[in-house]
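*Asks:* Please find input-v3.cif (mmCIF, C-alpha atoms and all ligand atoms) on the next line:
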data_final
loop_
_atom_site.label_atom_id
_atom_site.label_comp_id
_atom_site.auth_asym_id
_atom_site.auth_seq_id
_atom_site.Cartn_x
_atom_site.Cartn_y
_atom_site.Cartn_z
CA MET U 1 -72.98 -116.23 111.99
CA ALA U 2 -76.74 -115.63 112.39
CA ALA U 3 -79.17 -115.32 109.44
CA ASN U 4 -79.15 -111.53 109.88
CA GLY U 5 -75.37 -111.56 109.68
CA ALA U 6 -74.89 -110.53 113.29
CA GLU U 7 -72.12 -112.19 115.28
CA PRO U 8 -73.68 -114.38 117.98
CA TRP U 9 -73.58 -113.06 121.51
CA ARG U 10 -71.35 -115.35 123.54
CA VAL U 11 -72.23 -116.36 127.09
CA LEU U 12 -69.85 -118.20 129.38
CA VAL U 13 -71.76 -120.32 131.90
CA THR U 14 -69.21 -121.36 134.51
CA ARG U 15 -70.85 -124.67 135.49
CA ASN U 16 -73.91 -126.79 134.92
CA PHE U 17 -77.15 -125.27 136.06
CA PRO U 18 -80.78 -126.40 135.90
CA GLU U 19 -82.27 -127.08 132.49
CA ALA U 20 -85.04 -124.62 133.38
CA GLY U 21 -82.48 -121.83 132.90
CA MET U 22 -80.36 -123.48 130.25
CA SER U 23 -83.36 -123.88 127.90
CA ILE U 24 -84.08 -120.15 128.16
CA LEU U 25 -80.54 -119.42 126.99
CA ARG U 26 -80.71 -122.02 124.24
CA GLU U 27 -84.00 -120.71 122.89
CA GLU U 28 -82.73 -117.15 122.59
CA PRO U 29 -81.77 -116.60 118.95
CA ASN U 30 -78.21 -115.69 118.18
CA LEU U 31 -76.88 -116.57 121.62
CA GLU U 32 -73.95 -118.97 121.84
CA VAL U 33 -73.67 -120.72 125.18
CA VAL U 34 -70.26 -122.00 126.26
CA ILE U 35 -70.11 -124.31 129.26
CA PRO U 36 -67.30 -126.69 130.33
CA ASP U 37 -67.64 -130.33 129.32
CA GLU U 38 -68.44 -132.95 131.95
CA PRO U 39 -67.00 -133.84 134.43
CA GLU U 40 -65.62 -130.30 134.91
CA ALA U 41 -69.06 -128.76 134.45
CA SER U 42 -70.28 -130.38 137.67
CA ASP U 43 -67.85 -128.44 139.81
CA ALA U 44 -67.08 -124.78 140.35
CA MET U 45 -64.84 -123.48 137.57
CA PRO U 46 -61.40 -122.70 139.05
CA TYR U 47 -60.73 -118.96 139.10
CA ASP U 48 -57.67 -119.23 136.83
CA LYS U 49 -59.58 -121.23 134.27
CA MET U 50 -62.45 -118.73 134.28
CA LYS U 51 -59.98 -115.89 133.83
CA ALA U 52 -58.18 -117.72 131.01
CA MET U 53 -61.43 -118.53 129.21
CA LEU U 54 -62.70 -114.97 129.51
CA SER U 55 -59.46 -113.59 128.09
CA GLU U 56 -59.40 -115.90 125.04
CA ALA U 57 -60.42 -114.42 121.69
CA PRO U 58 -63.11 -113.83 120.59
CA GLY U 59 -64.20 -113.15 124.19
CA TYR U 60 -67.62 -113.19 125.83
CA ASP U 61 -70.50 -110.73 126.02
CA ALA U 62 -71.99 -112.27 129.15
CA LEU U 63 -70.95 -114.31 132.13
CA LEU U 64 -73.45 -116.46 134.02
CA CYS U 65 -71.84 -117.28 137.33
CA PHE U 66 -72.57 -118.65 140.79
CA LEU U 67 -71.70 -117.80 144.38
CA THR U 68 -68.68 -120.10 144.04
CA ASP U 69 -67.12 -117.75 141.46
CA LYS U 70 -64.99 -114.82 142.56
CA ILE U 71 -65.52 -111.88 140.23
CA ASP U 72 -62.80 -109.31 140.87
CA PRO U 73 -61.03 -106.54 138.92
CA PRO U 74 -58.24 -108.77 137.46
CA LEU U 75 -60.89 -111.15 136.13
CA LEU U 76 -62.92 -108.28 134.65
CA ASP U 77 -59.78 -106.87 133.06
CA ALA U 78 -59.02 -110.27 131.56
CA ALA U 79 -62.54 -110.33 130.08
CA GLY U 80 -61.96 -106.96 128.46
CA SER U 81 -64.44 -104.58 126.91
CA ARG U 82 -66.50 -107.24 125.12
CA LEU U 83 -68.04 -108.31 128.44
CA LYS U 84 -71.34 -106.45 128.88
CA THR U 85 -73.18 -108.25 131.65
CA ILE U 86 -72.76 -110.62 134.58
CA SER U 87 -75.64 -112.61 135.95
CA THR U 88 -75.22 -114.60 139.16
CA MET U 89 -77.55 -117.44 140.10
CA SER U 90 -77.73 -116.30 143.71
CA VAL U 91 -79.41 -113.56 145.66
CA GLY U 92 -76.16 -112.69 147.44
CA PHE U 93 -73.57 -110.94 145.29
CA ASN U 94 -70.73 -110.43 147.76
CA HIS U 95 -68.59 -112.71 145.54
CA MET U 96 -68.75 -110.02 142.84
CA ASP U 97 -66.93 -106.70 142.96
CA VAL U 98 -69.99 -104.70 141.97
CA ASP U 99 -68.20 -101.34 142.03
CA ALA U 100 -65.51 -102.66 139.69
CA GLY U 101 -68.23 -103.97 137.37
CA LYS U 102 -70.01 -100.61 137.36
CA GLU U 103 -66.79 -98.75 136.65
CA ARG U 104 -66.43 -100.91 133.54
CA GLY U 105 -70.03 -100.18 132.49
CA LEU U 106 -71.32 -103.70 133.10
CA THR U 107 -74.89 -104.52 133.97
CA MET U 108 -75.18 -107.07 136.76
CA GLY U 109 -78.06 -109.28 137.78
CA HIS U 110 -78.93 -111.59 140.67
CA THR U 111 -81.88 -113.76 141.70
CA PRO U 112 -83.88 -112.21 144.55
CA ASP U 113 -87.46 -112.95 145.66
CA VAL U 114 -87.81 -116.52 144.42
CA LEU U 115 -85.80 -117.90 147.32
CA THR U 116 -87.32 -115.78 150.08
CA ASN U 117 -89.92 -118.31 151.27
CA THR U 118 -87.68 -121.32 150.71
CA VAL U 119 -84.89 -119.79 152.79
CA ALA U 120 -87.31 -118.57 155.46
CA ASP U 121 -88.74 -122.11 155.82
CA PHE U 122 -85.22 -123.41 156.23
CA ILE U 123 -84.33 -120.82 158.85
CA LEU U 124 -87.32 -121.97 160.87
CA GLY U 125 -86.07 -125.54 160.43
CA MET U 126 -82.58 -124.62 161.63
CA THR U 127 -84.03 -122.68 164.54
CA ILE U 128 -86.17 -125.58 165.69
CA SER U 129 -83.40 -128.14 165.07
CA THR U 130 -80.91 -126.14 167.11
CA MET U 131 -83.27 -125.13 169.92
CA ARG U 132 -84.76 -128.63 170.23
CA ARG U 133 -81.47 -130.48 169.60
CA ILE U 134 -82.86 -132.63 166.80
CA PRO U 135 -79.42 -133.44 165.25
CA ALA U 136 -78.15 -134.54 168.69
CA GLY U 137 -81.19 -136.81 169.01
CA VAL U 138 -80.61 -138.30 165.57
CA LYS U 139 -76.96 -138.90 166.45
CA VAL U 140 -77.60 -140.88 169.65
CA VAL U 141 -79.99 -143.15 167.76
CA LYS U 142 -77.54 -143.74 164.89
CA ASP U 143 -74.64 -144.25 167.31
CA ASP U 144 -76.76 -146.76 169.29
CA VAL U 145 -76.35 -144.77 172.50
CA TRP U 146 -80.00 -143.83 172.96
CA GLY U 147 -80.11 -143.13 176.69
CA LYS U 148 -82.97 -144.11 178.97
CA TRP U 149 -85.81 -141.64 179.22
CA ALA U 150 -85.19 -139.23 182.08
CA PRO U 151 -86.95 -136.02 183.02
CA LEU U 152 -84.27 -133.84 181.45
CA TYR U 153 -82.99 -136.23 178.75
CA MET U 154 -82.50 -134.44 175.42
CA CYS U 155 -84.10 -131.28 176.70
CA GLY U 156 -83.71 -128.22 174.56
CA ARG U 157 -85.38 -124.85 174.52
CA ASP U 158 -88.78 -123.70 173.32
CA VAL U 159 -89.18 -121.72 170.15
CA HIS U 160 -92.76 -120.74 170.91
CA HIS U 161 -93.02 -117.50 172.85
CA ALA U 162 -89.25 -116.91 172.47
CA THR U 163 -87.90 -113.42 171.85
CA VAL U 164 -86.31 -113.42 168.43
CA GLY U 165 -83.90 -110.74 167.23
CA ILE U 166 -83.62 -110.35 163.48
CA MET U 167 -80.64 -108.31 162.30
CA GLY U 168 -81.70 -107.03 158.87
CA LEU U 169 -85.42 -106.88 158.13
CA GLY U 170 -85.23 -107.32 154.37
CA ARG U 171 -87.31 -109.75 152.31
CA ILE U 172 -86.05 -112.86 154.10
CA GLY U 173 -86.17 -111.18 157.52
CA MET U 174 -89.82 -110.28 156.91
CA ALA U 175 -90.65 -113.83 155.79
CA VAL U 176 -88.98 -115.28 158.89
CA ALA U 177 -90.79 -112.84 161.17
CA LYS U 178 -94.12 -113.69 159.52
CA ARG U 179 -93.56 -117.38 160.24
CA LEU U 180 -92.51 -116.70 163.83
CA MET U 181 -95.75 -114.82 164.48
CA GLY U 182 -97.36 -118.27 164.27
CA PHE U 183 -95.11 -119.36 167.15
CA ASP U 184 -96.28 -116.42 169.31
CA CYS U 185 -92.74 -115.07 169.40
CA GLU U 186 -91.80 -111.55 170.38
CA ILE U 187 -89.97 -110.21 167.34
CA LEU U 188 -87.30 -107.53 167.58
CA TYR U 189 -85.36 -106.19 164.65
CA SER U 190 -82.38 -104.00 164.08
CA ASP U 191 -81.34 -102.53 160.75
CA ALA U 192 -79.50 -99.61 159.24
CA PHE U 193 -82.95 -98.07 158.64
CA ARG U 194 -86.07 -98.10 160.77
CA MET U 195 -89.11 -99.32 158.86
CA ASP U 196 -91.84 -99.16 161.45
CA GLU U 197 -94.83 -99.50 159.13
CA ARG U 198 -93.46 -102.50 157.29
CA ALA U 199 -92.20 -104.08 160.54
CA ALA U 200 -95.62 -103.67 162.15
CA THR U 201 -97.15 -106.02 159.56
CA VAL U 202 -95.09 -108.85 161.05
CA GLY U 203 -95.28 -107.63 164.63
CA ALA U 204 -91.61 -106.63 164.72
CA THR U 205 -90.31 -103.87 166.98
CA TYR U 206 -87.18 -101.83 166.25
CA VAL U 207 -84.39 -101.93 168.83
CA GLU U 208 -80.76 -100.90 168.80
CA PHE U 209 -78.36 -103.74 167.96
CA ASP U 210 -77.01 -104.05 171.52
CA ASP U 211 -80.55 -104.21 172.85
CA LEU U 212 -81.40 -106.91 170.32
CA LEU U 213 -78.40 -108.95 171.49
CA ALA U 214 -79.24 -108.52 175.16
CA ARG U 215 -82.96 -109.36 174.87
CA SER U 216 -83.15 -112.13 172.29
CA ASP U 217 -83.39 -115.86 172.91
CA ILE U 218 -82.75 -116.44 169.22
CA VAL U 219 -80.56 -114.11 167.17
CA ILE U 220 -80.82 -114.33 163.39
CA PRO U 221 -78.51 -112.20 161.23
CA LEU U 222 -80.13 -111.63 157.84
CA CYS U 223 -78.09 -108.72 156.62
CA PRO U 224 -75.98 -108.65 153.47
CA LEU U 225 -72.24 -109.18 153.81
CA THR U 226 -70.57 -105.76 153.67
CA PRO U 227 -67.45 -104.30 155.28
CA GLU U 228 -69.72 -103.15 158.14
CA THR U 229 -71.25 -106.60 158.78
CA THR U 230 -68.05 -108.63 158.36
CA GLY U 231 -67.27 -110.11 161.78
CA LEU U 232 -70.31 -108.36 163.30
CA PHE U 233 -70.87 -111.42 165.46
CA GLY U 234 -67.60 -111.55 167.36
CA ALA U 235 -66.54 -111.69 171.00
CA ASP U 236 -68.15 -108.33 171.74
CA ALA U 237 -71.56 -109.36 170.36
CA PHE U 238 -71.50 -112.80 171.99
CA GLY U 239 -70.60 -111.16 175.30
CA LYS U 240 -73.82 -109.14 175.10
CA MET U 241 -76.06 -112.11 174.34
CA LYS U 242 -77.90 -114.21 176.91
CA GLU U 243 -76.18 -117.38 178.11
CA THR U 244 -79.30 -119.21 176.95
CA ALA U 245 -79.29 -117.61 173.49
CA VAL U 246 -78.97 -119.31 170.15
CA LEU U 247 -77.41 -117.84 166.99
CA ILE U 248 -78.82 -118.95 163.63
CA ASN U 249 -76.71 -117.87 160.65
CA CYS U 250 -78.03 -118.59 157.16
CA SER U 251 -76.71 -115.38 155.58
CA ARG U 252 -72.95 -115.41 154.96
CA GLY U 253 -70.24 -117.10 157.00
CA GLU U 254 -68.07 -113.98 157.18
CA ILE U 255 -70.66 -112.22 159.35
CA VAL U 256 -69.58 -114.48 162.22
CA ASN U 257 -66.11 -114.65 163.70
CA GLN U 258 -65.85 -118.42 164.07
CA ASP U 259 -63.03 -118.39 166.66
CA ALA U 260 -65.12 -116.10 168.84
CA LEU U 261 -68.16 -118.31 168.25
CA TYR U 262 -66.19 -121.37 169.32
CA ASP U 263 -65.13 -119.58 172.51
CA ALA U 264 -68.70 -118.45 173.19
CA LEU U 265 -70.10 -121.96 172.67
CA THR U 266 -67.47 -123.69 174.78
CA SER U 267 -67.43 -121.15 177.60
CA GLY U 268 -71.21 -121.10 177.89
CA SER U 269 -71.40 -117.46 176.91
CA ILE U 270 -74.16 -118.50 174.47
CA TRP U 271 -76.06 -121.79 174.41
CA ALA U 272 -75.95 -123.00 170.80
CA ALA U 273 -75.59 -122.06 167.17
CA GLY U 274 -77.04 -123.25 163.88
CA LEU U 275 -74.96 -122.45 160.80
CA ASP U 276 -75.87 -122.92 157.15
CA VAL U 277 -72.89 -120.85 156.09
CA THR U 278 -69.27 -120.94 157.24
CA VAL U 279 -65.76 -119.87 156.35
CA PRO U 280 -64.50 -121.74 154.45
CA GLU U 281 -67.12 -123.65 152.50
CA PRO U 282 -66.97 -126.61 152.56
CA LEU U 283 -65.96 -126.54 156.24
CA PRO U 284 -63.60 -129.47 156.87
CA ALA U 285 -64.87 -132.09 159.32
CA SER U 286 -61.69 -131.44 161.31
CA ASP U 287 -62.83 -127.88 162.10
CA LYS U 288 -63.19 -127.36 165.85
CA LEU U 289 -66.80 -126.15 165.49
CA VAL U 290 -67.87 -129.44 163.88
CA ALA U 291 -67.05 -131.41 167.04
CA LEU U 292 -69.35 -129.30 169.20
CA GLU U 293 -72.69 -130.86 170.06
CA ASN U 294 -74.19 -127.39 170.49
CA CYS U 295 -73.24 -126.28 166.98
CA VAL U 296 -75.48 -127.52 164.18
CA ILE U 297 -73.76 -127.10 160.82
CA VAL U 298 -75.23 -127.84 157.40
CA PRO U 299 -73.72 -127.25 153.93
CA HIS U 300 -75.15 -123.93 152.66
CA MET U 301 -78.47 -125.44 151.67
CA ALA U 302 -81.11 -122.90 152.74
CA SER U 303 -82.29 -122.32 149.17
CA ALA U 304 -81.80 -125.94 148.12
CA THR U 305 -85.16 -127.10 146.86
CA VAL U 306 -85.52 -128.18 143.25
CA ALA U 307 -88.28 -125.65 142.61
CA CYS U 308 -86.31 -122.79 144.13
CA ARG U 309 -83.10 -123.57 142.28
CA GLU U 310 -85.05 -123.90 139.02
CA ASP U 311 -86.64 -120.50 139.61
CA MET U 312 -83.22 -119.02 140.37
CA ALA U 313 -81.85 -120.56 137.16
CA ARG U 314 -84.70 -119.03 135.12
CA ILE U 315 -84.06 -115.58 136.56
CA ALA U 316 -80.31 -115.83 136.01
CA ALA U 317 -80.95 -116.80 132.38
CA ARG U 318 -83.58 -114.07 131.88
CA ASN U 319 -81.13 -111.46 133.11
CA VAL U 320 -78.70 -112.58 130.38
CA VAL U 321 -81.44 -112.61 127.73
CA ALA U 322 -82.55 -109.11 128.72
CA ALA U 323 -78.98 -107.84 128.38
CA HIS U 324 -78.72 -109.53 124.98
CA ARG U 325 -81.90 -107.75 123.84
CA GLY U 326 -80.61 -104.43 125.13
CA GLU U 327 -83.32 -104.35 127.80
CA LYS U 328 -83.10 -103.43 131.46
CA LEU U 329 -82.20 -106.47 133.57
CA PRO U 330 -85.37 -107.67 135.31
CA HIS U 331 -83.35 -108.34 138.47
CA ALA U 332 -80.39 -105.99 138.52
CA VAL U 333 -78.20 -105.93 141.62
CA PRO U 334 -79.28 -102.96 143.74
CA GLY U 335 -77.28 -99.76 144.08
C1 LIG E 1 -77.83 -117.05 147.66
O1 LIG E 1 -78.47 -117.22 146.63
O2 LIG E 1 -77.13 -116.07 147.86
C2 LIG E 1 -77.93 -118.10 148.71
O3 LIG E 1 -76.95 -118.01 149.65
C3 LIG E 1 -77.98 -119.47 148.06
O4 LIG E 1 -78.40 -120.37 149.03
#
Could you quickly redo this structure as structure tokens?
*Replies:*
Amino acid sequence: MAANGAEPWRVLVTRNFPEAGMSILREEPNLEVVIPDEPEASDAMPYDKMKAMLSEAPGYDALLCFLTDKIDPPLLDAAGSRLKTISTMSVGFNHMDVDAGKERGLTMGHTPDVLTNTVADFILGMTISTMRRIPAGVKVVKDDVWGKWAPLYMCGRDVHHATVGIMGLGRIGMAVAKRLMGFDCEILYSDAFRMDERAATVGATYVEFDDLLARSDIVIPLCPLTPETTGLFGADAFGKMKETAVLINCSRGEIVNQDALYDALTSGSIWAAGLDVTVPEPLPASDKLVALENCVIVPHMASATVACREDMARIAARNVVAAHRGEKLPHAVPG
């Protein structure tokens, strides 16, 4: 019980997160933070455990979660009417049923902006790695099969002056386009909305999606995962891309149909792919895509810098604190 007699607000934090965020929660008066003990705290909280904890009396006012946590109607029902707010330490919120949260009167927060530049840097890294075959080069050295220099040994494709198609010119799309201007790329974009003025600042030209697929050397989906974008990159899309094209996906794995991608990569319908995100995550090493030399796969790490994750943790915590104080969440999920 606090000095003013008020019951403490209870926050369930589903796993360990950076001290930068944790200290914000701890310093907020009359906030009780519940987090699993080690070693469980190092891993994602299993769904059933999260549901059981949320349903236990006296309940929780807030849930601080991560993209590894599925937030669906049965879980919200288990939490009951005490739950007031959910804050995810991620920009993407496709793991949360936002409509179900709204129906129950919850406020919901996420962590946009702070990862824009970090993710955009990484997308450039993935683009260059895939186009220039850097992982394949590293592998031949490690495997001690470094071949003799030959005119076409380890040749990849140029990023400079390439035509790049960005599907979804949001914050990250803009930051990627801005970087690619420095590579003298031609930048095309497609989106649900045309935004000519904004696009012009990064030299991007609007085209229809099919046109983007047909003209681009590098295709980068940067759209949120929605029913409309689920499986957007399937056999049909790959069939419209150049045989020399590369797909770079750092958004959500579900945007790509991985069986169709495998077929496109093995049949030569597209040249290569770089994936930061897959279905499932982690992708087992036995997955057929992993064996492909022309598929560069990394473990969902586009926002993984210490500074970025600390910033995300601060925002996730501030969203909870704002809800506790009865204020508007500084970073509410849109819509
Ligand atoms: C997010 O925050 O949604 C990103 O995918 C994390 O890398």
*Asks:* Box for ligand LIG 1 (chain E) - axis-aligned, 3 Å on each of the six sides, all listed atoms - centre and size in Å to one decimal, as lines of an AutoDock Vina configuration file.
*Replies:*
center_x = -77.7
center_y = -118.2
center_z = 148.1
size_x = 7.5
size_y = 10.3
size_z = 9.0
*Asks:* Counting all atoms listed in the file, figure out which residue out of U:Gly101, U:Gly92, U:Pro36, U:Pro135 gets nearest to ligand LIG 1 (chain E).
*Replies:*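 Under the stated criterion, the closest residue is U:Gly92.
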*Asks:* Using all atoms listed in the file, find each residue of chain U with at least one atom at most 8 Å away from an atom of ligand LIG 1 (chain E); report its shortest atom-to-atom pair and that distance in Å (one decimal), sort the rows by chain and rising residue number, and return the result as a Markdown table.
*Replies:*
| residue | atom | partner | partner_atom | distance |
| --- | --- | --- | --- | --- |
| U:Leu67 | CA | E:LIG1 | O2 | 6.7 |
| U:Met89 | CA | E:LIG1 | O1 | 6.6 |
| U:Ser90 | CA | E:LIG1 | O1 | 3.1 |
| U:Val91 | CA | E:LIG1 | O1 | 3.9 |
| U:Gly92 | CA | E:LIG1 | O2 | 3.5 |
| U:Phe93 | CA | E:LIG1 | O2 | 6.8 |
| U:Thr111 | CA | E:LIG1 | O1 | 6.9 |
| U:Pro112 | CA | E:LIG1 | O1 | 7.7 |
| U:Leu115 | CA | E:LIG1 | O1 | 7.4 |
| U:Val119 | CA | E:LIG1 | O4 | 7.5 |
| U:Cys250 | CA | E:LIG1 | O3 | 7.6 |
| U:Ser251 | CA | E:LIG1 | O3 | 6.5 |
| U:Arg252 | CA | E:LIG1 | O3 | 7.1 |
| U:His300 | CA | E:LIG1 | O4 | 6.0 |
| U:Met301 | CA | E:LIG1 | O4 | 5.7 |
| U:Ala302 | CA | E:LIG1 | O4 | 5.2 |
| U:Ser303 | CA | E:LIG1 | O4 | 4.4 |
| U:Ala304 | CA | E:LIG1 | O4 | 6.6 |
*Asks:* Pick out the residues sitting within 8 Å of Ala272 in chain U, and hand them over as a list in words; count only C-alpha atoms, and ignore anything fewer than 2 positions along from it in its own chain.
*Replies:*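 Non-adjacent residues within range: Thr130, Met131, Thr244, Ala245, Val246, Leu247, Leu265, Ile270, Gly274, Asn294 and Cys295 of chain U.
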*Asks:* So that I can see what lies close to Glu28 in chain U, please list as a VMD selection string the residues with an atom at most 10 Å from it, counting all atoms listed in the file and leaving out residues fewer than 5 positions away in the same chain.
*Replies:* chain U and resid 23 317 to 318 320 to 321 324 to 325
*Asks:* Please list as a list in words every residue within 12 Å of Met181 in chain U, counting only C-alpha atoms and excluding residues in the same chain fewer than 4 positions away.
*Replies:*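 Counting only the stated atoms, we get Leu124, Val159, His160, His161, Ala162, Thr163, Val164, Met174, Ala175, Val176, Ala177, Cys185, Glu186, Ile187, Leu188, Ala199, Ala200, Thr201, Val202, Gly203 and Ala204 of chain U.
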*Asks:* Counting only C-alpha atoms, which residue out of U:Leu12, U:Leu225, U:Ala100, U:Met45 sits closest to Pro58 in chain U?
*Replies:* U:Leu12
*Asks:* For Asp121 in chain U, which residue out of U:Gly173, U:Gly147, U:Gly105, U:Gly137 is the nearest one, using all atoms listed in the file?
*Replies:*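 That would be U:Gly173, the residue with the smallest distance to Asp121 in chain U.
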*Asks:* Please indicate the distance in Å from CA of Asn16 in chain U to CA of Arg314 in chain U, rounded to one decimal place.
*Replies:*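 Between these atoms lies a distance of 13.3 Å.
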*Asks:* May I ask for the distance between CA of Asp113 in chain U and CA of Asp184 in chain U, given in Å to one decimal place?
*Replies:* 25.5 Å
*Asks:* Hey, which of U:Met167, U:Met53, U:Ala120, U:Val114 ends up closest to Arg309 in chain U? Count all atoms listed in the file.
*Replies:* U:Val114
*Asks:* By how many Å are CA of Lys240 in chain U and CA of Thr226 in chain U apart?
*Replies:* 21.9 Å
*Asks:* Would you mind telling me which residue in U:Pro74, U:Pro18, U:Pro284, U:Gly156 lies nearest to Ser129 in chain U when using only C-alpha atoms?
*Replies:*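 Of all the options, U:Gly156 lies closest to Ser129 in chain U.
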*Asks:* Would you pick out the contacts of Asn30 in chain U at 8 Å or less, using all atoms listed in the file, so that residues sharing its chain but fewer than 3 positions from it are not included, and give the list as a VMD selection string?
*Replies:* chain U and resid 2 6 to 9
